[in-house]
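Input: a single structure, listed below in structure tokens.
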Amino acid sequence: MELVGRLHPSRLGGLAAGVARTAHDRTRLRAGIVHLGLGAFARAHLAAVNEAALAAGAGEAWGICGVSLRQPDTRDALAPQDGLYTLALRDADEHGEPRQRLAVIGCLLESLVAPEDPRAVLARIAHEDARIVSITVTEKGYCHDPASGQLKLDHPDIVHDLGQPQAPRSAIGYLAWGLQQRRAAGRGPLTLMSLDNLPANGHLLRGMVLAFAEQVDAGLARWIAAECTFPCSMVDRIVPRTTDADRDAVARALGLADAWPVMAEPYLEWVLEDSFAAGRPDWSAGGARFVAGAAPFETLKLRNVNGAHSALAYLSVMAGWDTVDQALAQPALRRYLERLMREEIAPTLPPLPGLDLAQYQERLLQRFANPALRHQTRQIAMDGSQKLPQRLLDTARARLAREQPMPLLALAVAGWLHYLRGVDQAGRRYDIQDPMAGALARRLEQAEAAATLAGPGPAAMLEWTAALAGFAPVFGELGQDARFVRAVAQAVHALRSLGVAGALEALEALDGSRR
Ligand code: CS2
């Protein structure tokens, strides 16, 4: 198909047949939702569900003002399109051929770039139209200590933001100073809704905002605590980074160019607590489920989806498997993930009435095997220091508390430590993208020195592992648990001496009944 221009409200008539388009009058929408962290995830999840709610008649109050906290690239791509973009849901048909379903999303009313105009962002949060501020800033955006969950008052962004009421940098700074303006203007309360992959994400966000506000003005902290709500939620949809090939494929299917479409799997889960201080759209029209407590759903998702994701990501980067579907095509890795979930994760999960766990886990592996997503294992491997605690280490804690062994989880943790060395099995080097990369590199040096002193063999790996597991911001007290350190050290030894495939094989030889 020939392209006749750029995606734009004036060209919606020219869209290819079969493309779903906005079924609400976007010109009348107001920004009831201010979203901090306008990445692909928010555009493929929150905005897609919100679009369905608008189509079902949610009303004019519920448009979205998107805020990028760092880069102008999303705004630059979407402004010429008046905020329209395409969501491409991708999977394979019954013959294994990739296919995609396209929808044009129209509920994004404006995109702000915080560093360019911080006051505009604060004004949006304080505006009378705003009812919900949602955030997807990834784990590191909370400026907390991953092991303890406390706000890091010495975090450079927090130190900066405490002195910059008109020009903060972090999501936490924007929220606290925006709420201060809101309170001063006599406007009503807000719902602050975290959509990040963190346990009790609402409570965590509340803790961060209150800890920041306490530093500013105890009255503000009291007002926020009394007036605002922080619902917890579990969100689940795999959203790989958009590539140029994706842009081309979407443009061909759309009949119009879209500078930044988002790719996702068709699967979507959103379970959230129904605690909204100033109303909400009926997101159930787009598949959301409102519950009294989201905790068991979060634990289920973080330990299975994200735990398995991180386990496979580190092993795959080491082994040279670039995408998740390529990794799943390795029978030994797939069997490992199956066993990891069934034997070691499942027994740690809180009960969830009505859930068929075996089916959930099987479906998850099918989602990972989706050949149309081409989800990069390196993308998932990023920011391990922020991810491991809730994805793998809490599960390890739960097992240790019951004196249960954990060789499979230990391999996942060992995978991360092994990956931190920055070189894969074929000798290719890569950068460690992690907010704690510097501190981790220093630890690694100490660990290498400790291992050298211990001489060759398993004893060296025990010293090496103990030195790394002693990194408290990630491991907390777990690093002092000899059972944990021993199990991880064994897996490190297997990875170093046998490689990823060999280590997986050695685990297969482990008879389940002996464990
Ligand atoms: C992934 C998640 O990048 C990652 O760390 O594990 O983004 C994952 O794809 C989503 O949480 C799925 O819901």
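Letters A, B, ... go to the chains of the structure tokens in the order shown; residues in each chain start at 1; ligands are counted from 1 in the same order.
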
- Task: List every residue of region 279-339 of chain A that DSSP, applied to the backbone, labels as alpha helix (DSSP H), and write the result as a PyMOL selection string.
- Result: chain A and resi 295-301+307-319+324-328+331-339

Could you write those residues out with N, CA, C and O atoms, as a compact mmCIF listing (two decimals), in the first residue's frame?
# COMPACT_ATOMS: atom_id res chain seq x y z
N ALA A 295 -2.50 -7.58 46.42
CA ALA A 295 -1.23 -8.22 46.80
C ALA A 295 -1.04 -9.63 46.23
O ALA A 295 0.01 -9.93 45.65
N PRO A 296 -2.03 -10.54 46.36
CA PRO A 296 -1.76 -11.89 45.85
C PRO A 296 -1.57 -11.92 44.34
O PRO A 296 -0.80 -12.74 43.82
N PHE A 297 -2.21 -11.00 43.63
CA PHE A 297 -2.06 -10.94 42.17
C PHE A 297 -0.66 -10.42 41.82
O PHE A 297 -0.03 -10.85 40.87
N GLU A 298 -0.21 -9.44 42.61
CA GLU A 298 1.14 -8.90 42.37
C GLU A 298 2.19 -9.97 42.60
O GLU A 298 3.12 -10.13 41.82
N THR A 299 2.04 -10.70 43.70
CA THR A 299 3.03 -11.73 44.01
C THR A 299 3.04 -12.79 42.91
O THR A 299 4.11 -13.22 42.45
N LEU A 300 1.86 -13.19 42.49
CA LEU A 300 1.75 -14.18 41.41
C LEU A 300 2.50 -13.71 40.18
O LEU A 300 3.30 -14.45 39.59
N LYS A 301 2.26 -12.46 39.81
CA LYS A 301 2.84 -11.94 38.57
C LYS A 301 4.35 -11.69 38.70
O LYS A 301 5.14 -12.08 37.84
N GLY A 307 9.87 -13.04 37.40
CA GLY A 307 10.92 -13.93 37.89
C GLY A 307 11.46 -14.79 36.75
O GLY A 307 12.67 -14.88 36.52
N ALA A 308 10.54 -15.41 36.01
CA ALA A 308 10.97 -16.26 34.90
C ALA A 308 11.64 -15.43 33.81
O ALA A 308 12.63 -15.86 33.20
N HIS A 309 11.12 -14.22 33.59
CA HIS A 309 11.72 -13.34 32.58
C HIS A 309 13.17 -13.03 32.93
O HIS A 309 14.06 -13.12 32.08
N SER A 310 13.40 -12.63 34.18
CA SER A 310 14.77 -12.28 34.56
C SER A 310 15.67 -13.51 34.53
O SER A 310 16.81 -13.43 34.08
N ALA A 311 15.15 -14.64 35.00
CA ALA A 311 15.96 -15.88 34.97
C ALA A 311 16.39 -16.17 33.54
O ALA A 311 17.57 -16.43 33.27
N LEU A 312 15.45 -16.09 32.63
CA LEU A 312 15.81 -16.44 31.24
C LEU A 312 16.68 -15.36 30.62
O LEU A 312 17.56 -15.66 29.80
N ALA A 313 16.48 -14.11 31.01
CA ALA A 313 17.23 -13.03 30.37
C ALA A 313 18.73 -13.17 30.63
O ALA A 313 19.54 -13.09 29.70
N TYR A 314 19.13 -13.39 31.89
CA TYR A 314 20.56 -13.44 32.18
C TYR A 314 21.22 -14.66 31.55
O TYR A 314 22.30 -14.56 30.96
N LEU A 315 20.53 -15.80 31.66
CA LEU A 315 21.11 -17.02 31.06
C LEU A 315 21.21 -16.85 29.55
O LEU A 315 22.18 -17.27 28.92
N SER A 316 20.20 -16.19 28.96
CA SER A 316 20.18 -16.05 27.49
C SER A 316 21.25 -15.08 27.00
O SER A 316 21.88 -15.33 25.97
N VAL A 317 21.42 -13.99 27.71
CA VAL A 317 22.47 -13.05 27.28
C VAL A 317 23.82 -13.76 27.29
O VAL A 317 24.61 -13.67 26.35
N MET A 318 24.06 -14.55 28.34
CA MET A 318 25.33 -15.28 28.43
C MET A 318 25.49 -16.27 27.29
O MET A 318 26.57 -16.46 26.74
N ALA A 319 24.36 -16.93 26.96
CA ALA A 319 24.43 -18.00 25.96
C ALA A 319 24.32 -17.46 24.53
O ALA A 319 24.52 -18.22 23.57
N VAL A 324 13.47 -13.51 23.41
CA VAL A 324 12.82 -14.42 24.36
C VAL A 324 12.28 -15.66 23.63
O VAL A 324 12.42 -16.78 24.13
N ASP A 325 11.72 -15.49 22.46
CA ASP A 325 11.20 -16.68 21.76
C ASP A 325 12.34 -17.61 21.35
O ASP A 325 12.20 -18.83 21.40
N GLN A 326 13.48 -17.03 21.00
CA GLN A 326 14.65 -17.86 20.66
C GLN A 326 15.09 -18.65 21.90
O GLN A 326 15.43 -19.84 21.80
N ALA A 327 15.04 -18.01 23.04
CA ALA A 327 15.42 -18.70 24.28
C ALA A 327 14.45 -19.85 24.58
O ALA A 327 14.85 -20.95 24.95
N LEU A 328 13.16 -19.56 24.40
CA LEU A 328 12.15 -20.59 24.69
C LEU A 328 12.25 -21.78 23.74
O LEU A 328 11.78 -22.87 24.04
N PRO A 331 15.08 -26.38 24.26
CA PRO A 331 14.30 -27.28 25.13
C PRO A 331 14.76 -27.28 26.58
O PRO A 331 13.94 -27.27 27.50
N ALA A 332 16.06 -27.24 26.81
CA ALA A 332 16.54 -27.33 28.20
C ALA A 332 16.15 -26.08 28.98
O ALA A 332 15.79 -26.16 30.16
N LEU A 333 16.17 -24.93 28.32
CA LEU A 333 15.80 -23.70 29.01
C LEU A 333 14.30 -23.70 29.31
O LEU A 333 13.86 -23.32 30.39
N ARG A 334 13.52 -24.15 28.34
CA ARG A 334 12.07 -24.18 28.55
C ARG A 334 11.72 -25.11 29.71
O ARG A 334 10.92 -24.77 30.58
N ARG A 335 12.37 -26.28 29.72
CA ARG A 335 12.11 -27.22 30.84
C ARG A 335 12.54 -26.62 32.17
O ARG A 335 11.86 -26.78 33.19
N TYR A 336 13.63 -25.90 32.13
CA TYR A 336 14.11 -25.25 33.36
C TYR A 336 13.06 -24.26 33.89
O TYR A 336 12.72 -24.24 35.07
N LEU A 337 12.53 -23.44 33.00
CA LEU A 337 11.55 -22.44 33.43
C LEU A 337 10.29 -23.11 33.96
O LEU A 337 9.70 -22.68 34.96
N GLU A 338 9.88 -24.17 33.28
CA GLU A 338 8.70 -24.92 33.73
C GLU A 338 8.89 -25.42 35.16
O GLU A 338 8.04 -25.25 36.02
N ARG A 339 10.08 -26.01 35.38
CA ARG A 339 10.36 -26.57 36.71
C ARG A 339 10.54 -25.46 37.74
O ARG A 339 10.09 -25.58 38.88

- Message: Report as a ChimeraX atom specification all protein, DNA and RNA residues lying within 12 Å of region 184-192 of chain A, evaluated on only C-alpha atoms, omitting residues in the same chain fewer than 6 positions from it.
- Response: /A:32-36,123-136,171-172,174-178,201-210,219-220,223-233,273-280

Using 8 Å as the limit and counting only C-alpha atoms and all ligand atoms, can you tabulate each residue of chain A that touches ligand 1, with its shortest atom-to-atom distance in Å and the two atoms involved, as JSON lines?
{"residue": "A:Phe41", "atom": "CA", "partner": "ligand 1", "partner_atom_place_in_ligand_line": "7 (O)", "distance": 8.0}
{"residue": "A:Asn197", "atom": "CA", "partner": "ligand 1", "partner_atom_place_in_ligand_line": "11 (O)", "distance": 6.1}
{"residue": "A:Val235", "atom": "CA", "partner": "ligand 1", "partner_atom_place_in_ligand_line": "13 (O)", "distance": 6.0}
{"residue": "A:Asp236", "atom": "CA", "partner": "ligand 1", "partner_atom_place_in_ligand_line": "13 (O)", "distance": 3.3}
{"residue": "A:Arg237", "atom": "CA", "partner": "ligand 1", "partner_atom_place_in_ligand_line": "13 (O)", "distance": 3.9}
{"residue": "A:Ile238", "atom": "CA", "partner": "ligand 1", "partner_atom_place_in_ligand_line": "9 (O)", "distance": 4.0}
{"residue": "A:Val239", "atom": "CA", "partner": "ligand 1", "partner_atom_place_in_ligand_line": "9 (O)", "distance": 6.0}
{"residue": "A:Pro240", "atom": "CA", "partner": "ligand 1", "partner_atom_place_in_ligand_line": "9 (O)", "distance": 7.3}
{"residue": "A:Lys301", "atom": "CA", "partner": "ligand 1", "partner_atom_place_in_ligand_line": "13 (O)", "distance": 7.8}
{"residue": "A:Leu302", "atom": "CA", "partner": "ligand 1", "partner_atom_place_in_ligand_line": "11 (O)", "distance": 7.7}
{"residue": "A:Val305", "atom": "CA", "partner": "ligand 1", "partner_atom_place_in_ligand_line": "12 (C)", "distance": 6.6}
{"residue": "A:Asn306", "atom": "CA", "partner": "ligand 1", "partner_atom_place_in_ligand_line": "6 (O)", "distance": 4.4}
{"residue": "A:Gly307", "atom": "CA", "partner": "ligand 1", "partner_atom_place_in_ligand_line": "6 (O)", "distance": 7.5}
{"residue": "A:His309", "atom": "CA", "partner": "ligand 1", "partner_atom_place_in_ligand_line": "6 (O)", "distance": 5.1}
{"residue": "A:Ser310", "atom": "CA", "partner": "ligand 1", "partner_atom_place_in_ligand_line": "6 (O)", "distance": 6.2}
{"residue": "A:Gln379", "atom": "CA", "partner": "ligand 1", "partner_atom_place_in_ligand_line": "3 (O)", "distance": 5.9}
{"residue": "A:Ile380", "atom": "CA", "partner": "ligand 1", "partner_atom_place_in_ligand_line": "3 (O)", "distance": 3.8}
{"residue": "A:Ala381", "atom": "CA", "partner": "ligand 1", "partner_atom_place_in_ligand_line": "5 (O)", "distance": 6.7}
{"residue": "A:Met382", "atom": "CA", "partner": "ligand 1", "partner_atom_place_in_ligand_line": "5 (O)", "distance": 7.1}
{"residue": "A:Lys387", "atom": "CA", "partner": "ligand 1", "partner_atom_place_in_ligand_line": "5 (O)", "distance": 7.3}

Since we have the selection now, will you write its residues out, keeping N, CA, C and O atoms, as a JSON list (two decimals), in the first residue's frame?
[["chain", "number", "residue", "atom", "x", "y", "z"],
["A", 41, "PHE", "N", 5.23, 1.21, 27.53],
["A", 41, "PHE", "CA", 4.35, 0.41, 28.37],
["A", 41, "PHE", "C", 3.04, 1.14, 28.67],
["A", 41, "PHE", "O", 1.95, 0.59, 28.50],
["A", 197, "ASN", "N", 6.25, -2.50, 38.14],
["A", 197, "ASN", "CA", 6.40, -3.89, 38.60],
["A", 197, "ASN", "C", 7.08, -3.97, 39.96],
["A", 197, "ASN", "O", 8.19, -4.48, 40.08],
["A", 235, "VAL", "N", -0.05, -5.15, 36.83],
["A", 235, "VAL", "CA", -0.25, -4.93, 35.40],
["A", 235, "VAL", "C", 0.60, -5.94, 34.63],
["A", 235, "VAL", "O", 1.71, -6.25, 35.02],
["A", 236, "ASP", "N", 0.05, -6.46, 33.58],
["A", 236, "ASP", "CA", 0.77, -7.50, 32.85],
["A", 236, "ASP", "C", 0.47, -7.41, 31.36],
["A", 236, "ASP", "O", -0.66, -7.69, 30.92],
["A", 237, "ARG", "N", 1.44, -7.01, 30.62],
["A", 237, "ARG", "CA", 1.43, -7.08, 29.15],
["A", 237, "ARG", "C", 2.87, -6.92, 28.70],
["A", 237, "ARG", "O", 3.56, -6.00, 29.15],
["A", 238, "ILE", "N", 3.31, -7.78, 27.83],
["A", 238, "ILE", "CA", 4.69, -7.70, 27.34],
["A", 238, "ILE", "C", 4.75, -6.68, 26.22],
["A", 238, "ILE", "O", 3.98, -6.75, 25.24],
["A", 239, "VAL", "N", 5.64, -5.70, 26.39],
["A", 239, "VAL", "CA", 5.75, -4.57, 25.45],
["A", 239, "VAL", "C", 7.21, -4.39, 25.05],
["A", 239, "VAL", "O", 7.95, -3.67, 25.71],
["A", 240, "PRO", "N", 7.65, -5.05, 23.99],
["A", 240, "PRO", "CA", 9.05, -4.88, 23.57],
["A", 240, "PRO", "C", 9.28, -3.49, 22.99],
["A", 240, "PRO", "O", 8.32, -2.81, 22.60],
["A", 301, "LYS", "N", 2.26, -12.46, 39.81],
["A", 301, "LYS", "CA", 2.84, -11.94, 38.57],
["A", 301, "LYS", "C", 4.35, -11.69, 38.70],
["A", 301, "LYS", "O", 5.14, -12.08, 37.84],
["A", 302, "LEU", "N", 4.73, -11.02, 39.78],
["A", 302, "LEU", "CA", 6.16, -10.69, 39.93],
["A", 302, "LEU", "C", 7.02, -11.95, 40.00],
["A", 302, "LEU", "O", 8.09, -12.02, 39.41],
["A", 305, "VAL", "N", 5.89, -14.25, 36.11],
["A", 305, "VAL", "CA", 6.18, -13.56, 34.85],
["A", 305, "VAL", "C", 7.56, -12.90, 34.91],
["A", 305, "VAL", "O", 8.43, -13.15, 34.07],
["A", 306, "ASN", "N", 7.74, -12.05, 35.91],
["A", 306, "ASN", "CA", 8.98, -11.29, 35.95],
["A", 306, "ASN", "C", 10.15, -12.13, 36.46],
["A", 306, "ASN", "O", 11.28, -11.97, 35.99],
["A", 307, "GLY", "N", 9.87, -13.04, 37.40],
["A", 307, "GLY", "CA", 10.92, -13.93, 37.89],
["A", 307, "GLY", "C", 11.46, -14.79, 36.75],
["A", 307, "GLY", "O", 12.67, -14.88, 36.52],
["A", 309, "HIS", "N", 11.12, -14.22, 33.59],
["A", 309, "HIS", "CA", 11.72, -13.34, 32.58],
["A", 309, "HIS", "C", 13.17, -13.03, 32.93],
["A", 309, "HIS", "O", 14.06, -13.12, 32.08],
["A", 310, "SER", "N", 13.40, -12.63, 34.18],
["A", 310, "SER", "CA", 14.77, -12.28, 34.56],
["A", 310, "SER", "C", 15.67, -13.51, 34.53],
["A", 310, "SER", "O", 16.81, -13.43, 34.08],
["A", 379, "GLN", "N", 17.07, -6.32, 26.87],
["A", 379, "GLN", "CA", 16.17, -5.30, 27.41],
["A", 379, "GLN", "C", 15.70, -5.72, 28.81],
["A", 379, "GLN", "O", 15.67, -4.92, 29.74],
["A", 380, "ILE", "N", 15.37, -6.99, 28.95],
["A", 380, "ILE", "CA", 14.87, -7.47, 30.24],
["A", 380, "ILE", "C", 16.01, -7.51, 31.27],
["A", 380, "ILE", "O", 15.80, -7.32, 32.46],
["A", 381, "ALA", "N", 17.24, -7.74, 30.78],
["A", 381, "ALA", "CA", 18.38, -7.85, 31.68],
["A", 381, "ALA", "C", 18.76, -6.53, 32.35],
["A", 381, "ALA", "O", 19.46, -6.50, 33.36],
["A", 382, "MET", "N", 18.28, -5.42, 31.81],
["A", 382, "MET", "CA", 18.61, -4.09, 32.37],
["A", 382, "MET", "C", 18.15, -3.96, 33.83],
["A", 382, "MET", "O", 17.14, -4.53, 34.20],
["A", 387, "LYS", "N", 15.44, -5.05, 40.13],
["A", 387, "LYS", "CA", 14.42, -6.05, 39.82],
["A", 387, "LYS", "C", 14.54, -7.32, 40.65],
["A", 387, "LYS", "O", 13.54, -7.94, 40.98]]

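Of note, CA of Pro473 (chain A) and CA of Arg429 (chain A) are spaced 25.7 Å apart.
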
- Selected residue, from A:Leu198, A:Leu102, A:Gln180, A:Gln433, that lies nearest to His144 (chain A) when counting only C-alpha atoms: A:Leu198

- For Ala396 (chain A), work out the shell of residues within 8 Å, counting only C-alpha atoms and skipping chain neighbours fewer than 5 positions away, then give it as an NGL selection string. :A and (406 or 409 or 484)

Next, the residues of the selection above should be written as a short mmCIF file (atom, residue, chain, number, x, y, z; two decimals), in the first residue's frame with N, CA and C atoms.
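Okay, this is what ended up in out05.cif:
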data_model
loop_
_atom_site.label_atom_id
_atom_site.label_comp_id
_atom_site.auth_asym_id
_atom_site.auth_seq_id
_atom_site.Cartn_x
_atom_site.Cartn_y
_atom_site.Cartn_z
N MET A 406 16.58 -24.70 46.86
CA MET A 406 16.27 -23.77 45.76
C MET A 406 17.35 -23.76 44.67
N LEU A 409 16.14 -21.57 41.51
CA LEU A 409 16.22 -20.12 41.76
C LEU A 409 17.67 -19.67 41.86
N PHE A 484 21.77 -19.80 51.34
CA PHE A 484 21.58 -19.06 50.09
C PHE A 484 22.90 -18.94 49.34
#

- Would you please give, as a VMD selection string, all residues of region 237-442 of chain A that DSSP assigns to strand (DSSP E) based on the backbone? chain A and resid 262 to 264 269 to 273 289 to 291
